[in-house]
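S.K.: Sending over run_12.txt (compact mmCIF, C-alpha atoms).
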# COMPACT_ATOMS: atom_id res chain seq x y z
CA MET A 28 102.95 131.66 133.53
CA ILE A 29 99.35 130.94 134.54
CA GLU A 30 98.03 127.76 132.93
CA LYS A 31 94.73 127.80 131.11
CA LYS A 32 92.33 124.97 132.02
CA VAL A 33 91.02 122.94 129.09
CA CYS A 34 88.22 120.51 129.90
CA VAL A 35 87.70 117.51 127.59
CA VAL A 36 84.25 115.90 127.67
CA THR A 37 83.83 112.23 126.71
CA GLY A 38 80.77 109.99 126.88
CA THR A 39 81.62 106.93 124.76
CA ARG A 40 84.43 104.45 124.18
CA ALA A 41 84.79 105.42 120.51
CA GLU A 42 84.87 109.14 121.21
CA TYR A 43 87.55 108.72 123.89
CA GLY A 44 89.67 106.64 121.53
CA ILE A 45 89.54 109.41 118.94
CA LEU A 46 90.34 112.10 121.51
CA LYS A 47 93.20 110.23 123.16
CA PRO A 48 96.09 111.80 121.15
CA LEU A 49 94.77 115.28 121.93
CA ILE A 50 94.32 114.43 125.62
CA LYS A 51 97.97 113.27 125.73
CA ARG A 52 99.17 116.53 124.22
CA LEU A 53 97.03 118.55 126.64
CA LYS A 54 98.49 116.65 129.57
CA ASN A 55 102.03 117.38 128.36
CA SER A 56 101.43 121.04 127.46
CA GLU A 57 103.49 123.65 129.31
CA PHE A 58 100.69 126.19 129.05
CA LEU A 59 97.45 124.20 129.36
CA GLN A 60 96.02 122.25 132.30
CA LEU A 61 94.01 119.16 131.35
CA GLN A 62 90.62 118.43 132.89
CA ILE A 63 88.48 115.40 131.97
CA ILE A 64 84.76 114.81 132.44
CA ALA A 65 83.60 111.23 131.81
CA THR A 66 79.89 110.59 131.42
CA GLY A 67 77.31 108.51 129.55
CA MET A 68 78.29 104.99 128.55
CA HIS A 69 81.69 105.26 130.25
CA LEU A 70 79.95 104.78 133.62
CA SER A 71 77.53 102.04 132.58
CA PRO A 72 78.17 98.33 133.36
CA GLU A 73 75.96 97.48 130.39
CA PHE A 74 78.42 99.20 128.05
CA GLY A 75 81.59 97.99 129.71
CA LEU A 76 82.47 100.64 132.36
CA THR A 77 84.94 102.12 129.90
CA TYR A 78 85.98 104.96 132.22
CA LYS A 79 88.43 102.35 133.55
CA GLN A 80 90.27 102.49 130.22
CA ILE A 81 90.78 106.25 130.66
CA GLU A 82 92.29 105.65 134.09
CA ALA A 83 94.38 102.73 132.80
CA ASP A 84 95.87 105.15 130.27
CA ASP A 85 97.13 107.20 133.25
CA PHE A 86 94.68 110.10 132.88
CA GLU A 87 92.92 111.56 135.91
CA ILE A 88 89.16 111.95 135.57
CA ASP A 89 88.11 115.16 137.29
CA GLU A 90 84.36 114.49 137.20
CA LYS A 91 82.26 111.35 136.61
CA LEU A 92 78.72 112.34 135.72
CA GLU A 93 76.01 109.66 135.87
CA ILE A 94 73.33 110.55 133.32
CA LEU A 95 72.16 107.29 131.69
CA ILE A 96 68.65 106.05 132.32
CA SER A 97 68.16 102.34 131.65
CA SER A 98 66.03 102.98 128.60
CA ASP A 99 66.83 103.70 124.95
CA THR A 100 63.37 105.03 124.10
CA PRO A 101 62.98 108.65 122.96
CA VAL A 102 61.65 109.52 126.43
CA GLY A 103 64.60 107.78 128.12
CA VAL A 104 67.16 109.55 125.92
CA SER A 105 65.49 112.93 126.50
CA LYS A 106 65.53 112.36 130.27
CA SER A 107 69.23 111.50 130.06
CA MET A 108 69.79 114.79 128.26
CA GLY A 109 68.00 116.60 131.06
CA LEU A 110 70.15 114.93 133.70
CA ALA A 111 73.24 115.76 131.65
CA LEU A 112 72.32 119.44 131.44
CA ILE A 113 71.94 119.67 135.23
CA SER A 114 75.10 117.64 135.93
CA PHE A 115 77.34 119.54 133.52
CA SER A 116 76.22 122.93 134.78
CA GLU A 117 77.27 121.92 138.30
CA ALA A 118 80.55 120.34 137.12
CA TYR A 119 81.58 123.44 135.18
CA GLU A 120 80.96 125.57 138.25
CA ARG A 121 83.31 123.33 140.26
CA LEU A 122 86.03 123.03 137.60
CA ASN A 123 85.82 126.57 136.17
CA PRO A 124 87.50 125.69 132.83
CA ASP A 125 88.82 128.31 130.41
CA MET A 126 87.68 126.21 127.45
CA VAL A 127 85.69 123.03 126.86
CA VAL A 128 86.65 120.58 124.09
CA ILE A 129 83.80 118.51 122.63
CA LEU A 130 83.83 116.09 119.71
CA GLY A 131 80.99 115.20 117.41
CA ASP A 132 77.27 115.21 117.75
CA ARG A 133 75.82 112.88 120.38
CA TYR A 134 72.96 113.81 122.68
CA GLU A 135 75.06 113.82 125.87
CA THR A 136 77.65 116.14 124.35
CA PHE A 137 74.87 118.37 123.02
CA ALA A 138 73.72 118.79 126.65
CA ALA A 139 77.33 119.33 127.79
CA MET A 140 77.75 122.07 125.21
CA SER A 141 74.45 123.72 126.10
CA ALA A 142 75.52 124.00 129.74
CA ALA A 143 78.89 125.47 128.71
CA THR A 144 77.15 128.04 126.49
CA VAL A 145 74.96 129.23 129.34
CA ALA A 146 78.03 129.43 131.60
CA ASN A 147 79.89 131.61 129.03
CA ILE A 148 82.66 129.05 128.62
CA PRO A 149 84.30 129.05 125.16
CA ILE A 150 83.90 125.77 123.29
CA ALA A 151 86.20 124.07 120.80
CA HIS A 152 84.22 121.69 118.60
CA LEU A 153 85.68 118.83 116.56
CA HIS A 154 84.06 117.30 113.45
CA GLY A 155 81.60 120.08 112.72
CA GLY A 156 80.11 120.61 109.27
CA GLU A 157 79.64 116.92 108.54
CA ILE A 158 76.51 115.26 107.17
CA THR A 159 74.82 112.14 108.58
CA GLU A 160 71.34 112.28 107.12
CA GLY A 161 70.09 109.15 108.89
CA ALA A 162 70.69 110.27 112.48
CA PHE A 163 69.34 113.05 114.67
CA ASP A 164 73.02 113.69 115.40
CA GLU A 165 72.85 115.71 112.16
CA SER A 166 70.80 118.52 113.69
CA PHE A 167 72.68 118.28 116.99
CA ARG A 168 75.99 118.75 115.17
CA HIS A 169 74.96 121.91 113.31
CA SER A 170 73.38 123.36 116.47
CA MET A 171 76.60 122.61 118.34
CA SER A 172 78.60 124.46 115.68
CA LYS A 173 76.56 127.57 116.41
CA MET A 174 77.31 127.24 120.13
CA SER A 175 81.06 126.83 119.55
CA TYR A 176 83.82 129.41 119.41
CA LEU A 177 86.55 127.35 117.74
CA HIS A 178 85.95 124.77 115.03
CA PHE A 179 88.28 121.95 114.03
CA THR A 180 86.91 120.26 110.91
CA SER A 181 88.12 117.06 109.25
CA THR A 182 88.02 118.20 105.59
CA GLU A 183 88.02 121.47 103.67
CA GLU A 184 84.45 120.89 102.47
CA TYR A 185 83.28 120.61 106.09
CA ARG A 186 85.21 123.77 106.96
CA LYS A 187 83.28 125.63 104.25
CA ARG A 188 79.99 124.27 105.57
CA VAL A 189 80.70 125.58 109.10
CA ILE A 190 81.43 128.99 107.58
CA GLN A 191 78.16 128.69 105.67
CA LEU A 192 76.47 128.39 109.08
CA GLY A 193 77.69 131.92 109.81
CA GLU A 194 80.95 131.19 111.66
CA SER A 195 83.94 133.43 110.99
CA PRO A 196 86.65 131.80 108.81
CA LYS A 197 89.21 133.07 111.34
CA ARG A 198 87.86 130.58 113.88
CA VAL A 199 87.36 127.57 111.58
CA PHE A 200 90.34 125.27 110.96
CA ASN A 201 90.63 122.23 108.68
CA VAL A 202 92.91 119.93 110.70
CA GLY A 203 91.90 116.46 109.47
CA ALA A 204 90.47 113.66 111.60
CA MET A 205 92.14 112.33 114.74
CA GLY A 206 90.81 108.89 113.89
CA VAL A 207 93.30 108.89 111.02
CA GLU A 208 96.07 109.96 113.40
CA ASN A 209 95.34 106.97 115.64
CA THR A 210 95.27 104.61 112.68
CA LEU A 211 98.60 105.78 111.28
CA ASN A 212 100.52 106.20 114.53
CA LEU A 213 99.43 103.48 116.94
CA GLU A 214 101.47 100.28 117.03
CA LEU A 215 98.81 97.77 116.01
CA LEU A 216 98.81 94.05 116.74
CA SER A 217 99.19 91.22 114.24
CA LYS A 218 96.36 88.76 113.68
CA SER A 219 97.95 86.15 115.96
CA GLU A 220 98.59 88.75 118.67
CA ILE A 221 95.00 89.99 118.66
CA GLU A 222 93.76 86.38 118.76
CA GLU A 223 95.87 85.79 121.85
CA LYS A 224 94.81 89.02 123.56
CA LEU A 225 91.08 88.48 122.96
CA GLU A 226 91.22 84.68 123.30
CA ILE A 227 89.47 84.07 119.98
CA ASP A 228 90.12 82.13 116.77
CA LEU A 229 89.81 84.35 113.71
CA GLY A 230 90.27 81.57 111.17
CA GLU A 231 91.48 82.26 107.64
CA LYS A 232 89.10 85.17 106.97
CA TYR A 233 86.95 87.29 109.26
CA SER A 234 84.82 90.41 109.22
CA VAL A 235 84.24 93.09 111.86
CA ILE A 236 80.61 94.16 112.24
CA VAL A 237 79.50 97.41 113.90
CA PHE A 238 75.85 98.32 113.39
CA HIS A 239 73.91 101.15 115.08
CA PRO A 240 70.28 102.32 114.80
CA VAL A 241 69.30 104.88 112.18
CA THR A 242 67.78 107.27 114.70
CA LEU A 243 65.74 109.32 112.22
CA GLU A 244 63.81 106.22 111.19
CA ASN A 245 61.00 104.79 113.30
CA ASN A 246 61.08 101.14 114.35
CA THR A 247 63.55 99.96 111.68
CA ALA A 248 66.37 98.71 113.93
CA GLU A 249 65.05 95.18 114.46
CA ASN A 250 64.26 94.51 110.82
CA GLN A 251 67.57 95.95 109.61
CA ILE A 252 69.76 93.96 112.01
CA LYS A 253 67.85 90.79 111.12
CA GLU A 254 68.43 91.40 107.40
CA LEU A 255 72.14 91.87 108.11
CA LEU A 256 72.40 88.75 110.27
CA GLU A 257 70.56 86.66 107.68
CA ALA A 258 73.03 87.84 105.03
CA LEU A 259 76.00 87.02 107.27
CA GLU A 260 74.59 83.55 107.85
CA GLU A 261 75.11 82.90 104.13
CA LYS A 262 78.84 83.72 104.44
CA LYS A 263 79.86 80.48 106.13
CA GLU A 264 83.54 81.00 105.31
CA LEU A 265 83.73 84.21 107.38
CA ILE A 266 84.32 84.41 111.10
CA LYS A 267 82.16 87.26 112.44
CA VAL A 268 83.36 89.66 115.16
CA PHE A 269 80.61 91.98 116.45
CA ILE A 270 81.24 95.18 118.38
CA LYS A 271 77.92 95.86 120.07
CA GLY A 272 75.98 99.09 119.73
CA ASN A 273 75.75 102.17 121.93
CA SER A 274 72.97 103.84 123.92
CA ASP A 275 71.16 105.36 120.94
CA THR A 276 67.40 104.88 120.69
CA SER A 277 66.73 101.19 119.86
CA GLY A 278 70.36 100.26 120.44
CA ARG A 279 69.40 97.52 122.87
CA ILE A 280 67.23 95.86 120.22
CA ILE A 281 70.29 95.45 118.00
CA ASN A 282 72.44 94.11 120.85
CA LYS A 283 69.76 91.56 121.77
CA GLU A 284 69.70 90.20 118.20
CA ILE A 285 73.50 90.02 118.15
CA ASP A 286 73.49 88.06 121.42
CA LYS A 287 71.03 85.54 119.96
CA TYR A 288 73.09 85.13 116.80
CA VAL A 289 76.41 84.63 118.60
CA LYS A 290 74.87 82.14 121.02
CA ASN A 291 73.84 79.92 118.08
CA ASP A 292 76.97 80.35 115.96
CA ASN A 293 80.30 79.01 117.18
CA LYS A 294 82.12 80.95 114.44
CA SER A 295 81.20 84.37 115.78
CA TYR A 296 82.14 86.60 118.73
CA SER A 297 80.79 89.78 120.29
CA PHE A 298 82.28 92.46 122.53
CA LYS A 299 80.60 95.23 124.52
CA SER A 300 83.68 97.38 124.14
CA LEU A 301 87.31 97.16 123.08
CA ALA A 302 90.36 99.32 123.70
CA LEU A 303 91.11 101.42 120.63
CA GLU A 304 94.33 99.52 119.87
CA TYR A 305 92.43 96.22 119.85
CA TYR A 306 89.61 97.57 117.70
CA LEU A 307 91.94 99.05 115.09
CA SER A 308 94.06 95.87 115.14
CA LEU A 309 90.95 93.80 114.48
CA MET A 310 90.02 96.11 111.62
CA LYS A 311 93.54 96.10 110.16
CA ASN A 312 93.63 92.31 109.79
CA SER A 313 90.02 91.81 108.68
CA LYS A 314 88.63 91.17 105.21
CA VAL A 315 85.94 93.85 105.52
CA LEU A 316 84.28 96.19 108.02
CA ILE A 317 80.50 95.77 107.84
CA GLY A 318 77.78 98.00 109.32
CA ASN A 319 77.28 101.75 109.61
CA SER A 320 80.01 103.00 111.93
CA SER A 321 81.85 106.23 111.16
CA SER A 322 85.08 104.26 111.64
CA GLY A 323 84.35 102.57 108.33
CA ILE A 324 84.31 105.99 106.69
CA ILE A 325 87.21 107.67 108.51
CA GLU A 326 89.67 105.07 109.83
CA ALA A 327 89.26 102.01 107.58
CA PRO A 328 90.53 103.71 104.38
CA SER A 329 93.88 104.45 106.06
CA LEU A 330 94.23 100.73 106.77
CA LYS A 331 93.32 99.88 103.13
CA ILE A 332 90.35 97.87 104.44
CA PRO A 333 87.05 97.88 102.49
CA THR A 334 83.87 99.04 104.20
CA LEU A 335 80.35 97.82 103.49
CA ASN A 336 78.29 100.80 104.65
CA ILE A 337 74.69 99.72 105.21
CA GLY A 338 71.69 102.06 105.24
CA ASP A 339 71.38 105.80 105.79
CA ARG A 340 73.12 106.44 109.13
CA GLN A 341 76.27 107.78 107.40
CA LYS A 342 74.49 109.12 104.32
CA GLY A 343 76.03 112.40 103.14
CA ARG A 344 79.56 111.89 104.48
CA ILE A 345 82.56 112.25 102.20
CA LYS A 346 83.74 108.71 101.41
CA ALA A 347 86.88 107.10 100.01
CA GLU A 348 86.65 104.63 97.12
CA SER A 349 86.99 101.75 99.60
CA VAL A 350 83.46 102.38 100.91
CA ILE A 351 80.58 100.49 99.30
CA ASP A 352 77.07 101.76 100.10
CA CYS A 353 74.07 99.45 100.12
CA ILE A 354 70.52 99.33 101.43
CA PRO A 355 69.75 97.21 104.55
CA GLU A 356 68.34 94.19 102.73
CA LYS A 357 69.80 90.68 102.69
CA LYS A 358 69.97 90.36 98.92
CA GLU A 359 71.71 93.71 98.45
CA ILE A 360 74.14 93.09 101.31
CA LEU A 361 75.24 89.79 99.76
CA LYS A 362 75.54 91.38 96.32
CA SER A 363 77.69 94.20 97.74
CA LEU A 364 79.95 91.77 99.62
CA GLU A 365 80.77 90.12 96.29
CA ILE A 366 82.24 93.41 95.03
CA ILE A 367 85.15 93.34 97.50
CA ASP A 368 86.44 90.11 95.92
CA ARG A 369 86.73 91.64 92.47
CA GLU A 370 90.26 92.40 91.26
CA GLU A 371 89.31 95.88 90.05
CA PHE A 372 88.09 96.76 93.54
CA LYS A 373 91.18 95.29 95.22
CA SER A 374 93.40 97.40 92.97
CA LYS A 375 91.66 100.56 94.22
CA LEU A 376 92.73 99.77 97.78
CA LYS A 377 96.46 99.76 96.95
CA ASN A 378 96.68 103.47 96.11
CA LEU A 379 93.78 104.67 98.21
CA ASN A 380 93.63 108.31 99.32
CA ASN A 381 91.89 109.01 102.62
CA PRO A 382 90.12 112.39 102.41
CA TYR A 383 90.29 112.80 106.22
CA GLY A 384 93.91 113.90 106.56
CA GLN A 385 97.47 112.70 107.04
CA GLY A 386 97.67 111.94 110.76
CA ASN A 387 98.98 115.12 112.45
CA THR A 388 95.66 116.51 113.71
CA SER A 389 96.27 116.74 117.47
CA LYS A 390 99.51 118.69 116.98
CA LYS A 391 97.67 121.27 114.88
CA ILE A 392 94.85 121.58 117.43
CA ILE A 393 97.17 122.05 120.43
CA LYS A 394 99.09 124.82 118.71
CA ILE A 395 95.86 126.70 117.91
CA LEU A 396 94.45 126.20 121.44
CA GLU A 397 97.64 127.49 123.06
CA ASN A 398 97.84 130.53 120.78
CA ILE A 399 94.23 131.56 121.27
CA LEU A 400 93.94 130.86 125.01
CA LEU A 401 97.23 132.55 125.85
CA SER A 402 96.38 135.60 123.73
CA GLN A 403 93.33 136.15 125.98
CA ASN A 404 91.57 137.63 122.98
CA ILE A 405 88.33 135.64 123.06
CA ASP A 406 85.11 137.52 122.42
CA LEU A 407 82.01 135.33 122.83
CA LYS A 408 79.82 138.00 121.24
CA LYS A 409 80.19 136.43 117.81
CA LYS A 410 79.05 138.26 114.71
CA PHE A 411 77.21 136.22 112.10
CA TYR A 412 79.47 135.82 109.09
CA ASP A 413 77.47 136.35 105.89
CA ILE A 414 78.65 134.79 102.64
CA GLU A 415 77.63 135.93 99.20
CA PHE A 416 75.37 133.55 97.35
CA GLU A 417 72.83 133.53 94.57
CA VAL A 418 69.15 133.15 95.48
Output the file's structure as structure tokens, nothing else.

M.R.:
Amino acid sequence: MIEKKVCVVTGTRAEYGILKPLIKRLKNSEFLQLQIIATGMHLSPEFGLTYKQIEADDFEIDEKLEILISSDTPVGVSKSMGLALISFSEAYERLNPDMVVILGDRYETFAAMSAATVANIPIAHLHGGEITEGAFDESFRHSMSKMSYLHFTSTEEYRKRVIQLGESPKRVFNVGAMGVENTLNLELLSKSEIEEKLEIDLGEKYSVIVFHPVTLENNTAENQIKELLEALEEKKELIKVFIKGNSDTSGRIINKEIDKYVKNDNKSYSFKSLALEYYLSLMKNSKVLIGNSSSGIIEAPSLKIPTLNIGDRQKGRIKAESVIDCIPEKKEILKSLEIIDREEFKSKLKNLNNPYGQGNTSKKIIKILENILLSQNIDLKKKFYDIEFEV
């Protein structure tokens, strides 16, 4: 039987960690041939050269595409998108995949998907239909849904939203989130084991902090990270573990402030990047996840860990009861941190339901990919699916 080539695109450490279970199943499939394109932050020394983690996991990278410009301004990001569009068009011509798999909503994957669309390559998109009102990823994501042939959403509500965009229900599948699959199935380290691996002292209580820019706001990153750091300074009893930001606009401003804070505080640590197992292990043993990372919305509830979600970056997402929203001001951050110590809040965590699935996502996706690719019944001339609604 002729194998069908499935090309997985990854540009960030977090995205690769989420995709890893699916990549494993693709590699082991009897019917599908795995291809991997690594790009973006994976190839940047500034962000930890995380392509090495992909290779350490015994996956072969078919193409490494350098697209990052050393600037996180709007002009710099747009130029990176231009480089990505050129680079992906050439890579697809060399690899000739039968389908491209893309997760999420970032600018580099938007360019990767645009090139695949022009090349008439079917696209399978993960995490469509979601809402993040504070980031320009929001408009990227919905545009990417319209370019995609298959859709793998993380909740039923998101599935309905993709259909609302005009996509046929026959090609939209609610499979849950692979972040939950990682959380429930990886063998995570104990607190003492993670201390030994990372050579840090986590004390009696510690928090994990992941904070990114709100890209649809102008010039707010510096003020917001300073408000957060000033609030954390008040929590003397907490060890702080920072995972530094990505290449979004103004991301370097946040990382610079984190560097200054850690330099002057011997009870805090920062990391450019961590292997997924280490990151989830840190989260599992922490008191709270603080910031605005999607991992606080999707993965943390499965670990029964509270999330303090700051600002508008994740505004609009479906959230478990373990997520506390607050505005990016010192006073409100401190007030919200007090909530997690209340007995009524702690009791919620014991029987928490994660709305993002039960941990079998990659198995569902592989079965659908094999059935559709082997049927050779793909028609890229999609008809707009109209739904009835009241005006």

S.K.: Quick one: everything within 12 Å of range 343-348 of chain A, counting all atoms listed in the file, minus sequence neighbours fewer than 5 positions away in the same chain. Send it as a count of residues only.

M.R.: 49

S.K.: Please identify all polymer residues within 10 Å of Lys187 in chain A, counting all atoms listed in the file, omitting same-chain residues fewer than 5 positions from it, and present them as a count of residues only.

M.R.: 9

S.K.: Pick the closest to Tyr78 in chain A from A:Met126, A:Ile281, A:Ala41, A:Val102: which is it, counting all atoms listed in the file?

M.R.: A:Ala41

S.K.: Pick out the residues sitting within 9 Å of range 246-256 of chain A, and hand them over as a list in words; count all atoms listed in the file, and ignore anything fewer than 6 positions along from it in its own chain.

M.R.: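 My reading of the contact set: Phe238, His239, Pro240, Ser277, Gly278, Ile280, Ile281, Glu284, Ile285, Tyr288, Gly318, Ile337, Gly338, Pro355, Glu356, Lys357, Lys358 and Ile360 of chain A.
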
S.K.: Pick out the closest residue to Leu211 in chain A from this set: A:Gln403, A:Ser105, A:Asn387, A:Thr37. Count all atoms listed in the file.

M.R.: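 Closest to Leu211 in chain A, using all atoms listed in the file: A:Asn387.
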
S.K.: In file coordinates, which residues lie within 9 Å of (90.2, 113.8, 136.9) using all atoms listed in the file, given as a ChimeraX atom specification?

M.R.: /A:61-65,82,86-91

S.K.: Write out, as a PDB file, keeping the file's coordinate frame, the residues just selected, with C-alpha atoms.

M.R.:
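File produced: selection04.pdb:
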ATOM      1  CA  LEU A  61      94.010 119.160 131.350  1.00  0.00           C
ATOM      2  CA  GLN A  62      90.620 118.430 132.890  1.00  0.00           C
ATOM      3  CA  ILE A  63      88.480 115.400 131.970  1.00  0.00           C
ATOM      4  CA  ILE A  64      84.760 114.810 132.440  1.00  0.00           C
ATOM      5  CA  ALA A  65      83.600 111.230 131.810  1.00  0.00           C
ATOM      6  CA  GLU A  82      92.290 105.650 134.090  1.00  0.00           C
ATOM      7  CA  PHE A  86      94.680 110.100 132.880  1.00  0.00           C
ATOM      8  CA  GLU A  87      92.920 111.560 135.910  1.00  0.00           C
ATOM      9  CA  ILE A  88      89.160 111.950 135.570  1.00  0.00           C
ATOM     10  CA  ASP A  89      88.110 115.160 137.290  1.00  0.00           C
ATOM     11  CA  GLU A  90      84.360 114.490 137.200  1.00  0.00           C
ATOM     12  CA  LYS A  91      82.260 111.350 136.610  1.00  0.00           C
TER      13      LYS A  91
END

S.K.: I need the residue nearest Val33 in chain A from this list: A:Leu46, A:Ala151, A:Ala83, A:Leu364. Use all atoms listed in the file for the distance.

M.R.: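 Of A:Leu46, A:Ala151, A:Ala83, A:Leu364, the one nearest Val33 in chain A, counting all atoms listed in the file, is A:Ala151.
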
S.K.: Which residue out of A:Val202, A:Leu309, A:Leu177, A:Val128 has the minimum interatomic distance to Lys409 in chain A when all atoms listed in the file are used?

M.R.: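 So, comparing all the options, the nearest one is A:Leu177.
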
S.K.: So what do you get for CA of Gly272 in chain A versus CA of Leu229 in chain A, distance-wise?

M.R.: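 Spanning CA of Gly272 in chain A to CA of Leu229 in chain A is a straight-line distance of 21.1 Å.
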
S.K.: Quote the spacing between CA of Met108 in chain A and CA of Ala139 in chain A in Å to one decimal place.

M.R.: 8.8 Å

S.K.: With all atoms listed in the file as the counted atoms, please give the residues lying no more than 10 Å from Phe137 in chain A, apart from itself and same-chain residues fewer than 4 positions off, as a ChimeraX atom specification.

M.R.: /A:108,111-112,129-133,141-143,164,167-168,170-171,174

S.K.: So which one's closest to Glu220 in chain A, A:Asn293, A:Ser308, A:Ser313, A:Ser175? Using only C-alpha atoms, please.

M.R.: A:Ser308

S.K.: Determine the axis-aligned bounding box of all atoms of range 398-417 of chain A present in the file, pad each side by 5 Å, and express its centre and edge lengths in Å to one decimal place as AutoDock Vina command-line options.

M.R.:
--center_x 85.3 --center_y 134.4 --center_z 110.3 --size_x 35.0 --size_y 17.7 --size_z 41.4

S.K.: Please compute the CA of Val104 in chain A-CA of Val235 in chain A distance, one decimal, in Å.

M.R.: 27.6 Å
